[in-house]
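Asks: The following file, target_10.csv, comprises CSV, C-alpha atoms:
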```
chain,number,residue,atom,x,y,z
A,1,MET,CA,-24.2,26.6,28.3
A,2,ASN,CA,-20.6,26.7,29.4
A,3,LEU,CA,-19.1,23.4,28.3
A,4,SER,CA,-16.1,23.8,30.7
A,5,THR,CA,-18.4,23.5,33.7
A,6,PRO,CA,-19.0,19.8,34.8
A,7,ARG,CA,-22.6,18.8,34.9
A,8,PRO,CA,-23.4,16.8,38.0
A,9,ILE,CA,-24.5,13.2,37.3
A,10,GLU,CA,-27.2,12.0,39.6
A,11,ALA,CA,-27.6,8.2,40.1
A,12,PRO,CA,-31.1,6.7,40.4
A,13,ALA,CA,-32.0,5.5,43.9
A,14,ASP,CA,-32.1,1.9,42.7
A,15,ALA,CA,-29.0,2.1,40.5
A,16,PRO,CA,-26.5,-0.8,40.5
A,17,ASP,CA,-23.4,-0.8,42.7
A,18,TRP,CA,-21.0,0.8,40.2
A,19,ALA,CA,-18.0,0.1,42.4
A,20,ARG,CA,-18.9,-3.6,42.1
A,21,VAL,CA,-19.5,-3.2,38.4
A,22,ARG,CA,-16.0,-1.7,37.9
A,23,LEU,CA,-14.5,-4.8,39.4
A,24,ASP,CA,-15.5,-6.7,36.3
A,25,PHE,CA,-13.2,-4.6,34.2
A,26,PRO,CA,-9.5,-5.3,35.0
A,27,LEU,CA,-8.3,-2.3,33.0
A,28,LEU,CA,-10.2,0.1,35.2
A,29,MET,CA,-8.2,-1.0,38.2
A,30,ARG,CA,-5.0,0.7,36.8
A,31,GLU,CA,-3.9,4.3,37.4
A,32,VAL,CA,-3.0,6.9,34.8
A,33,HIS,CA,-0.8,9.9,35.8
A,34,GLY,CA,-1.1,8.7,39.4
A,35,LYS,CA,-4.9,8.8,39.5
A,36,PRO,CA,-7.6,6.1,39.1
A,37,LEU,CA,-8.4,5.6,35.4
A,38,VAL,CA,-11.7,7.3,34.3
A,39,TYR,CA,-12.5,6.0,30.8
A,40,PHE,CA,-14.5,8.4,28.6
A,41,ASP,CA,-13.9,6.9,25.1
A,42,ASN,CA,-16.8,4.4,25.0
A,43,ALA,CA,-17.9,5.8,21.6
A,44,ASN,CA,-14.6,4.5,20.3
A,45,THR,CA,-14.4,1.2,22.0
A,46,GLY,CA,-15.7,-0.5,25.2
A,47,GLN,CA,-13.4,-2.1,27.8
A,48,LYS,CA,-13.6,-5.8,28.3
A,49,PRO,CA,-15.0,-7.5,31.4
A,50,VAL,CA,-13.4,-10.5,32.9
A,51,GLN,CA,-16.1,-12.8,31.5
A,52,VAL,CA,-15.2,-11.9,28.0
A,53,ILE,CA,-11.5,-12.1,28.6
A,54,GLY,CA,-12.0,-15.5,30.3
A,55,ALA,CA,-14.1,-16.8,27.4
A,56,VAL,CA,-11.4,-16.0,24.8
A,57,ASP,CA,-8.8,-17.7,27.1
A,58,GLU,CA,-11.0,-20.7,27.5
A,59,PHE,CA,-11.4,-21.1,23.8
A,60,TYR,CA,-7.7,-21.4,23.1
A,61,ARG,CA,-7.2,-23.6,26.2
A,62,ARG,CA,-10.0,-26.1,25.6
A,63,TYR,CA,-11.4,-26.2,22.0
A,64,ASN,CA,-9.4,-24.2,19.5
A,65,ALA,CA,-10.3,-25.5,16.0
A,66,ASN,CA,-11.6,-24.3,12.7
A,67,VAL,CA,-15.4,-24.0,12.5
A,68,SER,CA,-17.8,-25.5,10.0
A,69,ARG,CA,-15.3,-28.0,8.6
A,70,ALA,CA,-13.5,-30.1,11.3
A,71,VAL,CA,-15.5,-33.2,12.2
A,72,HIS,CA,-13.5,-34.1,15.4
A,73,ALA,CA,-14.6,-33.2,18.9
A,74,LEU,CA,-12.7,-29.9,19.1
A,75,GLY,CA,-14.1,-28.8,15.7
A,76,THR,CA,-17.7,-29.6,16.8
A,77,GLU,CA,-17.3,-27.7,20.0
A,78,ALA,CA,-15.8,-24.6,18.3
A,79,THR,CA,-18.6,-24.7,15.7
A,80,ASP,CA,-21.2,-24.9,18.4
A,81,ALA,CA,-19.7,-21.9,20.2
A,82,TYR,CA,-19.4,-19.9,17.0
A,83,GLU,CA,-23.0,-20.6,15.9
A,84,GLY,CA,-24.2,-20.1,19.5
A,85,ALA,CA,-22.9,-16.6,19.3
A,86,ARG,CA,-24.8,-16.1,16.0
A,87,ASN,CA,-28.0,-17.4,17.5
A,88,LYS,CA,-27.7,-15.3,20.6
A,89,LEU,CA,-27.0,-12.2,18.6
A,90,ALA,CA,-30.0,-12.9,16.4
A,91,ARG,CA,-32.3,-13.0,19.4
A,92,PHE,CA,-30.7,-9.8,20.7
A,93,LEU,CA,-31.5,-8.0,17.4
A,94,ASN,CA,-34.8,-9.9,16.9
A,95,VAL,CA,-33.8,-11.3,13.5
A,96,ARG,CA,-33.4,-14.8,12.0
A,97,SER,CA,-29.9,-16.2,12.6
A,98,ASN,CA,-29.5,-17.4,9.0
A,99,ASP,CA,-29.9,-13.7,7.8
A,100,LEU,CA,-26.9,-12.7,10.0
A,101,VAL,CA,-23.4,-12.6,8.7
A,102,LEU,CA,-20.7,-12.6,11.3
A,103,CYS,CA,-17.7,-10.4,10.4
A,104,SER,CA,-15.0,-8.3,11.9
A,105,GLY,CA,-17.1,-5.2,12.6
A,106,THR,CA,-19.2,-2.4,11.1
A,107,THR,CA,-16.5,-1.2,8.7
A,108,PHE,CA,-16.3,-4.7,7.1
A,109,ALA,CA,-20.1,-5.0,7.1
A,110,ILE,CA,-20.7,-1.8,5.3
A,111,ASN,CA,-17.9,-2.5,2.8
A,112,LEU,CA,-19.5,-5.9,2.2
A,113,VAL,CA,-22.8,-4.1,1.2
A,114,ALA,CA,-20.8,-1.6,-0.9
A,115,TYR,CA,-18.9,-4.1,-2.9
A,116,SER,CA,-21.3,-7.0,-3.0
A,117,TRP,CA,-24.6,-5.2,-3.3
A,118,ALA,CA,-24.0,-1.6,-4.5
A,119,LEU,CA,-21.1,-1.9,-6.8
A,120,PRO,CA,-22.8,-4.4,-9.2
A,121,ARG,CA,-26.0,-2.4,-9.3
A,122,LEU,CA,-25.3,1.4,-9.2
A,123,LYS,CA,-24.5,3.3,-12.4
A,124,ALA,CA,-24.0,6.9,-13.6
A,125,GLY,CA,-26.9,9.1,-12.6
A,126,ASP,CA,-27.7,7.2,-9.5
A,127,VAL,CA,-27.5,8.9,-6.1
A,128,ILE,CA,-26.3,7.6,-2.7
A,129,LEU,CA,-27.8,9.6,0.1
A,130,VAL,CA,-25.6,9.9,3.2
A,131,SER,CA,-26.2,12.0,6.4
A,132,ARG,CA,-23.7,14.7,7.5
A,133,MET,CA,-23.3,13.0,10.9
A,134,GLU,CA,-22.0,9.6,9.6
A,135,HIS,CA,-18.9,7.9,10.8
A,136,HIS,CA,-16.2,7.6,8.2
A,137,ALA,CA,-17.0,3.9,7.8
A,138,ASN,CA,-20.4,4.9,6.5
A,139,ILE,CA,-19.0,7.6,4.1
A,140,VAL,CA,-15.8,6.4,2.5
A,141,PRO,CA,-17.2,3.0,1.1
A,142,TRP,CA,-19.9,4.9,-0.7
A,143,GLN,CA,-17.4,7.4,-2.1
A,144,LEU,CA,-15.4,4.5,-3.5
A,145,VAL,CA,-18.5,3.0,-5.0
A,146,ALA,CA,-19.4,6.4,-6.5
A,147,GLN,CA,-16.0,6.7,-8.1
A,148,ARG,CA,-16.2,3.3,-9.7
A,149,THR,CA,-19.8,3.5,-10.9
A,150,GLY,CA,-20.3,7.2,-11.8
A,151,ALA,CA,-23.0,7.6,-9.1
A,152,THR,CA,-22.9,10.7,-6.9
A,153,ILE,CA,-23.1,11.4,-3.2
A,154,ARG,CA,-25.8,13.6,-1.8
A,155,VAL,CA,-25.5,14.8,1.8
A,156,ALA,CA,-28.4,15.0,4.2
A,157,GLU,CA,-27.8,18.0,6.5
A,158,ILE,CA,-28.3,18.4,10.2
A,159,THR,CA,-29.9,21.2,12.2
A,160,PRO,CA,-28.0,23.6,14.5
A,161,ASP,CA,-29.0,21.6,17.5
A,162,GLY,CA,-27.4,18.4,16.1
A,163,ALA,CA,-30.5,16.6,14.9
A,164,LEU,CA,-31.0,15.2,11.4
A,165,ASP,CA,-33.1,17.6,9.3
A,166,LEU,CA,-36.0,15.2,8.5
A,167,ASP,CA,-37.8,17.6,6.2
A,168,ALA,CA,-34.7,18.1,4.1
A,169,LEU,CA,-34.0,14.4,4.2
A,170,ARG,CA,-37.4,13.6,2.8
A,171,ALA,CA,-37.0,16.2,0.1
A,172,ALA,CA,-33.7,14.7,-0.8
A,173,MET,CA,-35.2,11.2,-1.4
A,174,THR,CA,-35.7,11.8,-5.1
A,175,ALA,CA,-36.1,9.2,-7.8
A,176,GLU,CA,-32.4,9.1,-8.5
A,177,VAL,CA,-31.6,8.0,-4.9
A,178,LYS,CA,-30.9,4.2,-4.9
A,179,LEU,CA,-29.4,3.9,-1.4
A,180,LEU,CA,-29.6,5.7,1.9
A,181,ALA,CA,-26.9,5.3,4.6
A,182,VAL,CA,-27.7,6.6,8.1
A,183,ALA,CA,-26.5,6.1,11.6
A,184,HIS,CA,-29.0,4.8,14.2
A,185,VAL,CA,-27.1,6.8,16.9
A,186,SER,CA,-24.4,9.4,15.9
A,187,ASN,CA,-21.0,8.7,17.3
A,188,VAL,CA,-20.2,12.4,17.0
A,189,LEU,CA,-23.3,13.9,18.7
A,190,GLY,CA,-25.1,11.1,20.4
A,191,THR,CA,-28.2,12.0,18.4
A,192,ILE,CA,-30.8,9.3,18.1
A,193,ASN,CA,-32.2,9.2,14.6
A,194,PRO,CA,-35.8,8.0,14.0
A,195,VAL,CA,-34.6,5.2,11.8
A,196,ARG,CA,-37.9,3.4,11.7
A,197,GLU,CA,-39.6,6.4,10.2
A,198,ILE,CA,-36.7,7.1,7.9
A,199,CYS,CA,-36.7,3.6,6.6
A,200,ARG,CA,-40.4,3.6,6.1
A,201,GLU,CA,-40.2,6.8,4.0
A,202,ALA,CA,-37.3,5.3,2.0
A,203,ARG,CA,-39.1,2.0,1.4
A,204,LYS,CA,-42.1,4.0,-0.1
A,205,ARG,CA,-39.7,5.3,-2.7
A,206,GLY,CA,-37.9,2.1,-3.4
A,207,ILE,CA,-34.7,3.2,-1.7
A,208,VAL,CA,-32.4,0.6,0.0
A,209,THR,CA,-31.4,1.5,3.5
A,210,VAL,CA,-28.2,0.8,5.3
A,211,VAL,CA,-28.2,1.6,9.1
A,212,ASP,CA,-25.0,1.9,11.1
A,213,GLY,CA,-26.0,0.5,14.5
A,214,SER,CA,-22.5,0.6,16.1
A,215,GLN,CA,-23.5,3.2,18.8
A,216,ALA,CA,-27.1,1.9,19.2
A,217,ALA,CA,-26.5,-1.7,20.0
A,218,PRO,CA,-24.4,-1.1,23.2
A,219,HIS,CA,-26.9,1.3,24.7
A,220,ARG,CA,-30.4,0.7,23.4
A,221,LYS,CA,-32.9,-2.1,22.8
A,222,VAL,CA,-32.6,-2.7,19.1
A,223,ASP,CA,-35.4,-4.4,17.1
A,224,VAL,CA,-34.1,-4.6,13.6
A,225,THR,CA,-37.3,-6.3,12.3
A,226,ALA,CA,-39.3,-3.3,13.6
A,227,ILE,CA,-36.9,-0.8,12.1
A,228,GLY,CA,-37.6,-2.2,8.6
A,229,CYS,CA,-34.2,-1.4,7.1
A,230,ASP,CA,-32.5,-3.5,4.4
A,231,PHE,CA,-29.1,-3.7,6.1
A,232,TYR,CA,-28.1,-3.2,9.7
A,233,ALA,CA,-24.4,-3.3,10.9
A,234,ILE,CA,-23.0,-3.6,14.4
A,235,THR,CA,-19.6,-3.8,16.0
A,236,GLY,CA,-18.8,-6.1,18.9
A,237,HIS,CA,-15.9,-4.2,20.5
A,238,LYS,CA,-18.2,-1.2,21.2
A,239,MET,CA,-20.4,-3.6,23.2
A,240,CYS,CA,-17.5,-4.6,25.5
A,241,GLY,CA,-17.0,-7.6,23.2
A,242,PRO,CA,-13.7,-8.7,21.7
A,243,THR,CA,-12.0,-6.7,19.1
A,244,GLY,CA,-12.5,-8.0,15.6
A,245,THR,CA,-16.2,-9.0,16.0
A,246,GLY,CA,-19.3,-7.6,14.3
A,247,ALA,CA,-22.2,-8.6,12.2
A,248,LEU,CA,-24.3,-7.6,9.2
A,249,TRP,CA,-28.0,-8.3,9.1
A,250,ALA,CA,-29.5,-8.2,5.6
A,251,ARG,CA,-32.9,-9.0,4.1
A,252,ARG,CA,-32.9,-12.5,2.6
A,253,GLU,CA,-33.6,-11.3,-0.9
A,254,HIS,CA,-30.5,-9.2,-0.8
A,255,LEU,CA,-28.3,-11.9,0.6
A,256,ASP,CA,-29.5,-14.3,-2.1
A,257,ALA,CA,-28.6,-11.8,-4.8
A,258,MET,CA,-25.2,-10.8,-3.5
A,259,PRO,CA,-22.1,-12.5,-4.9
A,260,PRO,CA,-19.4,-13.5,-2.5
A,261,PHE,CA,-17.3,-10.5,-1.3
A,262,LEU,CA,-14.1,-12.6,-0.7
A,263,GLY,CA,-13.2,-16.1,-1.9
A,264,GLY,CA,-11.9,-18.9,0.3
A,265,GLY,CA,-12.8,-21.8,2.5
A,266,GLU,CA,-16.0,-21.2,4.3
A,267,MET,CA,-18.0,-19.6,1.5
A,268,ILE,CA,-17.8,-22.6,-0.9
A,269,LYS,CA,-19.7,-25.9,-1.1
A,270,GLU,CA,-17.7,-27.5,-3.9
A,271,VAL,CA,-14.6,-26.5,-5.9
A,272,SER,CA,-13.4,-28.0,-9.2
A,273,PHE,CA,-11.0,-26.9,-12.0
A,274,ASP,CA,-13.5,-28.3,-14.5
A,275,ALA,CA,-16.6,-26.4,-13.3
A,276,PRO,CA,-17.6,-23.2,-11.5
A,277,TYR,CA,-17.6,-23.2,-7.8
A,278,SER,CA,-20.8,-23.6,-5.8
A,279,THR,CA,-21.4,-21.6,-2.7
A,280,MET,CA,-22.7,-22.3,0.7
A,281,PRO,CA,-25.8,-20.5,2.2
A,282,ARG,CA,-25.4,-16.7,2.2
A,283,THR,CA,-24.5,-16.4,5.8
A,284,SER,CA,-21.0,-17.1,4.4
A,285,LEU,CA,-20.2,-14.1,2.3
A,286,LYS,CA,-16.6,-14.3,3.5
A,287,PRO,CA,-13.9,-16.9,3.5
A,288,ALA,CA,-12.4,-19.0,6.3
A,289,PRO,CA,-10.9,-18.5,8.7
A,290,PRO,CA,-13.9,-16.3,9.3
A,291,THR,CA,-13.3,-12.5,9.3
A,292,SER,CA,-14.7,-12.6,12.8
A,293,PRO,CA,-12.1,-14.5,14.8
A,294,VAL,CA,-13.6,-17.8,16.1
A,295,SER,CA,-12.4,-17.3,19.6
A,296,SER,CA,-13.7,-13.7,19.7
A,297,ALA,CA,-17.0,-14.5,18.2
A,298,SER,CA,-17.6,-17.3,20.6
A,299,ALA,CA,-16.7,-15.0,23.5
A,300,TRP,CA,-19.1,-12.4,22.2
A,301,ARG,CA,-21.9,-14.5,23.6
A,302,ARG,CA,-21.0,-13.4,27.1
A,303,THR,CA,-21.2,-9.6,26.4
A,304,ILE,CA,-24.4,-9.9,24.3
A,305,CYS,CA,-26.1,-11.3,27.4
A,306,ARG,CA,-24.7,-8.5,29.5
A,307,THR,CA,-25.5,-5.8,27.0
A,308,SER,CA,-29.1,-7.0,26.8
A,309,ALA,CA,-29.5,-7.0,30.5
A,310,TRP,CA,-28.0,-3.5,30.7
A,311,THR,CA,-30.4,-2.0,28.2
A,312,THR,CA,-33.2,-3.7,30.1
A,313,TRP,CA,-32.2,-2.3,33.4
A,314,LYS,CA,-32.1,1.3,32.0
A,315,ARG,CA,-35.8,0.9,31.2
A,316,ALA,CA,-37.2,-1.5,33.9
A,317,LYS,CA,-34.4,-1.7,36.5
A,318,PRO,CA,-35.3,-5.4,37.3
A,319,SER,CA,-35.0,-6.8,40.8
A,320,CYS,CA,-32.4,-9.3,39.7
A,321,TRP,CA,-29.8,-6.5,39.9
A,322,ARG,CA,-30.3,-6.5,43.7
A,323,THR,CA,-30.0,-10.3,43.9
A,324,SER,CA,-27.4,-11.2,41.4
A,325,PRO,CA,-26.0,-8.2,39.6
A,326,LYS,CA,-22.8,-9.9,38.5
A,327,SER,CA,-24.6,-12.7,36.6
A,328,CYS,CA,-27.6,-10.7,35.3
A,329,ALA,CA,-26.8,-7.3,34.1
A,330,GLY,CA,-24.3,-5.6,31.8
A,331,SER,CA,-21.3,-4.1,33.4
A,332,MET,CA,-20.8,-1.7,30.5
A,333,ALA,CA,-17.6,0.3,30.6
A,334,CYS,CA,-19.6,3.6,30.5
A,335,ALA,CA,-20.5,2.9,34.1
A,336,SER,CA,-17.0,4.0,35.0
A,337,TRP,CA,-17.9,7.6,34.3
A,338,ARG,CA,-21.6,7.6,34.9
A,339,SER,CA,-21.3,6.8,38.6
A,340,ALA,CA,-22.7,9.4,40.9
A,341,GLY,CA,-20.3,12.3,40.7
A,342,LYS,CA,-17.2,10.2,40.9
A,343,GLY,CA,-15.7,11.4,37.6
A,344,ARG,CA,-12.8,13.7,37.7
A,345,GLY,CA,-12.5,16.9,35.8
A,346,GLY,CA,-15.0,18.7,33.5
A,347,VAL,CA,-17.2,17.0,31.0
A,348,ILE,CA,-15.6,18.9,28.1
A,349,PRO,CA,-12.8,21.3,28.8
A,350,ASP,CA,-13.3,24.7,27.3
A,351,ARG,CA,-10.2,24.7,25.0
A,352,ARG,CA,-8.7,21.3,25.4
A,353,ARG,CA,-9.7,17.6,25.3
A,354,PRO,CA,-9.3,15.7,28.5
A,355,CYS,CA,-6.0,14.2,27.5
A,356,ALA,CA,-4.5,17.6,27.7
A,357,ARG,CA,-4.1,17.5,31.5
A,358,SER,CA,-2.5,20.2,33.6
A,359,GLY,CA,1.2,19.9,33.0
A,360,TYR,CA,0.7,18.2,29.6
A,361,PRO,CA,0.2,21.0,27.1
A,362,ALA,CA,-1.9,20.4,24.1
A,363,GLY,CA,-0.1,19.6,20.9
A,364,SER,CA,-0.9,20.5,17.3
A,365,GLY,CA,-2.7,17.2,16.6
A,366,ARG,CA,-6.4,16.2,17.2
A,367,CYS,CA,-5.8,16.1,20.9
A,368,GLY,CA,-5.1,19.8,21.1
A,369,ARG,CA,-7.7,21.2,18.8
A,370,ALA,CA,-10.5,23.3,20.2
A,371,LEU,CA,-14.1,22.4,19.5
A,372,GLY,CA,-15.4,24.2,16.4
A,373,PRO,CA,-18.3,26.6,17.0
A,374,ALA,CA,-20.8,24.4,15.1
A,375,LEU,CA,-19.8,21.3,17.0
A,376,ARG,CA,-19.8,23.1,20.3
A,377,ALA,CA,-23.3,24.3,19.7
A,378,SER,CA,-24.4,20.9,18.7
A,379,ALA,CA,-22.7,19.3,21.6
A,380,ALA,CA,-24.3,21.7,24.0
A,381,ALA,CA,-27.8,20.9,22.6
A,382,VAL,CA,-27.2,17.2,23.0
A,383,LEU,CA,-25.9,17.5,26.5
A,384,ARG,CA,-29.0,19.6,27.4
A,385,ARG,CA,-31.2,16.7,26.2
A,386,GLY,CA,-29.3,14.4,28.5
A,387,GLY,CA,-29.9,10.6,28.3
A,388,ASP,CA,-27.7,7.5,28.6
A,389,LEU,CA,-26.1,7.6,25.2
A,390,PRO,CA,-22.4,8.0,24.5
A,391,CYS,CA,-22.8,11.6,23.3
A,392,VAL,CA,-20.1,12.9,25.6
A,393,ALA,CA,-17.5,10.3,24.6
A,394,GLY,CA,-18.5,10.8,20.9
A,395,VAL,CA,-17.9,14.6,21.2
A,396,LEU,CA,-14.6,14.0,22.9
A,397,GLN,CA,-13.6,11.5,20.2
A,398,HIS,CA,-14.1,14.0,17.4
A,399,ALA,CA,-13.3,17.3,19.1
```
Would you write the structure of this file as structure tokens?

Replies:
Amino acid sequence: MNLSTPRPIEAPADAPDWARVRLDFPLLMREVHGKPLVYFDNANTGQKPVQVIGAVDEFYRRYNANVSRAVHALGTEATDAYEGARNKLARFLNVRSNDLVLCSGTTFAINLVAYSWALPRLKAGDVILVSRMEHHANIVPWQLVAQRTGATIRVAEITPDGALDLDALRAAMTAEVKLLAVAHVSNVLGTINPVREICREARKRGIVTVVDGSQAAPHRKVDVTAIGCDFYAITGHKMCGPTGTGALWARREHLDAMPPFLGGGEMIKEVSFDAPYSTMPRTSLKPAPPTSPVSSASAWRRTICRTSAWTTWKRAKPSCWRTSPKSCAGSMACASWRSAGKGRGGVIPDRRRPCARSGYPAGSGRCGRALGPALRASAAAVLRRGGDLPCVAGVLQHA
């Protein structure tokens, strides 16, 4: 497959009005280099719709206050908004809200597991199993834990077509493996890993599983309970939510056994110089102000609803799109480049990334590097499979 040749994108007959969808995203109204902006980098971050921008603005204008401690009217309203976001996110993921820790994103969530669960438990001779396709946020924390505990990192390899080698993965699940870290959807290749089956095999062997759901939550219906993992991490800004939002779901037995990761206001029940502190319920493994900004977390409710409707439309294409698309369904930023043939330029230029436009020669940094042969082959295989995942943006991000 020649990656320099654009692949035409065909819109379903009953697809939403993407021109109307674009109007929800103010940033997509601007021009870059004299042309309408076409945004390809959704694997990195999603653009923000006016509903989310407005919700953040409304918080600061109407009920800015600390959550969970102020008893005045503003504090009550802020707490209700913050906990409302937690409750809506729990329904979105099909989990209990009191097992969901709001935080600043997947990086914080995985580090929380690394420092609060893994670091006190792992020892020399233990193995952390990590797949080759992981984001750095699901590699580096485990390397740091390994350095401090004497544990070792074992890498689960991928096949030439960009899929996880499941036979090799099962063979790598030996008795020494205590933790398995795997992406639900790869941000590099767009590969969808069968996390439910992987977690089932790991559970048979007593291996704790950490699933990075950053790329899955914006594009797929995610049922964490059905997946059967021990930890599941997501990031809000990839779901068109505010920057600095995210969440960690964990099994209750793990939350109850994890010491606080950071000390401060929200995670304590009582503090005294004469006795040890007592902690609040384990949805507060971080101090206050919360690591997920209150204004952003409360605004995240808007995009959770939109993302849920978006993933539903991709499967069922409900009639409500035809009656009230603006209030019902998710104006995901990826719509800006998935519209029928309206994108400009090739999907992946042969020797340069899209930012290296004509007249703007590629430099020596990441922007100007050519795709390596292995990555080009994997990208070609993923693109042949097609689908609605951010594989193109992921390849562009890491090319």

Asks: For a test of reading the model, state the distance in Å between CA of Glu253 (chain A) and CA of Ala114 (chain A), rounded to one decimal.

Replies: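 Here the two named atoms are 16.1 Å from each other.
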
Asks: Write out as a PyMOL selection string the residues lying within 7 Å of Arg154 (chain A), counting only C-alpha atoms and excluding same-chain residues fewer than 6 positions away.

Replies: chain A and resi 127-130

Asks: At what distance in Å, to one decimal, does CA of Asp223 (chain A) lie from CA of Tyr82 (chain A)?

Replies: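 Atom-to-atom, CA of Tyr82 (chain A) to CA of Asp223 (chain A), that is 22.3 Å.
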
Asks: Taking only C-alpha atoms into account, name the residue in A:Thr159, A:Asn44, A:Thr174, A:Thr107 that is nearest to Ala202 (chain A).

Replies: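 Ranking A:Thr159, A:Asn44, A:Thr174, A:Thr107 by distance to Ala202 (chain A), first place goes to A:Thr174.
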
Asks: For the atom pair CA of Thr209 (chain A) and CA of Ala181 (chain A), what is the interatomic distance in Å to one decimal place?

Replies: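 Calculated distance between CA of Thr209 (chain A) and CA of Ala181 (chain A) is 6.0 Å.
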
Asks: If I only have part of region 59-70 of chain A, can you fill in N, CA, C and O atoms and write it as an mmCIF file, in the coordinates of the input?

Replies:
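The result, written out as part37.cif:
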```cif
data_model
loop_
_atom_site.group_PDB
_atom_site.id
_atom_site.type_symbol
_atom_site.label_atom_id
_atom_site.label_comp_id
_atom_site.auth_asym_id
_atom_site.auth_seq_id
_atom_site.Cartn_x
_atom_site.Cartn_y
_atom_site.Cartn_z
ATOM 1 N N PHE A 59 -11.384 -20.583 25.108
ATOM 2 C CA PHE A 59 -11.400 -21.100 23.800
ATOM 3 C C PHE A 59 -10.074 -21.702 23.356
ATOM 4 O O PHE A 59 -9.975 -22.828 22.857
ATOM 5 N N TYR A 60 -9.023 -20.922 23.560
ATOM 6 C CA TYR A 60 -7.700 -21.400 23.100
ATOM 7 C C TYR A 60 -7.181 -22.510 24.036
ATOM 8 O O TYR A 60 -6.386 -23.343 23.590
ATOM 9 N N ARG A 61 -7.609 -22.559 25.260
ATOM 10 C CA ARG A 61 -7.200 -23.600 26.200
ATOM 11 C C ARG A 61 -7.903 -24.928 25.979
ATOM 12 O O ARG A 61 -7.334 -26.002 26.226
ATOM 13 N N ARG A 62 -9.193 -24.870 25.523
ATOM 14 C CA ARG A 62 -10.000 -26.100 25.600
ATOM 15 C C ARG A 62 -10.499 -26.570 24.207
ATOM 16 O O ARG A 62 -10.563 -27.777 24.002
ATOM 17 N N TYR A 63 -10.866 -25.688 23.254
ATOM 18 C CA TYR A 63 -11.400 -26.200 22.000
ATOM 19 C C TYR A 63 -11.073 -25.383 20.795
ATOM 20 O O TYR A 63 -11.909 -25.123 19.931
ATOM 21 N N ASN A 64 -9.827 -24.988 20.693
ATOM 22 C CA ASN A 64 -9.400 -24.200 19.500
ATOM 23 C C ASN A 64 -9.389 -25.133 18.290
ATOM 24 O O ASN A 64 -8.715 -26.155 18.219
ATOM 25 N N ALA A 65 -10.182 -24.744 17.290
ATOM 26 C CA ALA A 65 -10.300 -25.500 16.000
ATOM 27 C C ALA A 65 -10.994 -24.600 15.016
ATOM 28 O O ALA A 65 -11.655 -23.629 15.377
ATOM 29 N N ASN A 66 -10.866 -24.946 13.728
ATOM 30 C CA ASN A 66 -11.600 -24.300 12.700
ATOM 31 C C ASN A 66 -13.083 -24.646 12.766
ATOM 32 O O ASN A 66 -13.418 -25.796 13.065
ATOM 33 N N VAL A 67 -13.949 -23.702 12.447
ATOM 34 C CA VAL A 67 -15.400 -24.000 12.500
ATOM 35 C C VAL A 67 -15.911 -24.426 11.166
ATOM 36 O O VAL A 67 -15.328 -24.122 10.124
ATOM 37 N N SER A 68 -16.991 -25.175 11.209
ATOM 38 C CA SER A 68 -17.800 -25.500 10.000
ATOM 39 C C SER A 68 -17.076 -26.508 9.080
ATOM 40 O O SER A 68 -17.575 -26.745 7.976
ATOM 41 N N ARG A 69 -15.933 -27.087 9.481
ATOM 42 C CA ARG A 69 -15.300 -28.000 8.600
ATOM 43 C C ARG A 69 -14.598 -29.181 9.289
ATOM 44 O O ARG A 69 -14.443 -30.239 8.705
ATOM 45 N N ALA A 70 -14.180 -29.004 10.530
ATOM 46 C CA ALA A 70 -13.500 -30.100 11.300
ATOM 47 C C ALA A 70 -14.587 -30.966 11.908
ATOM 48 O O ALA A 70 -15.491 -30.472 12.565
#
```
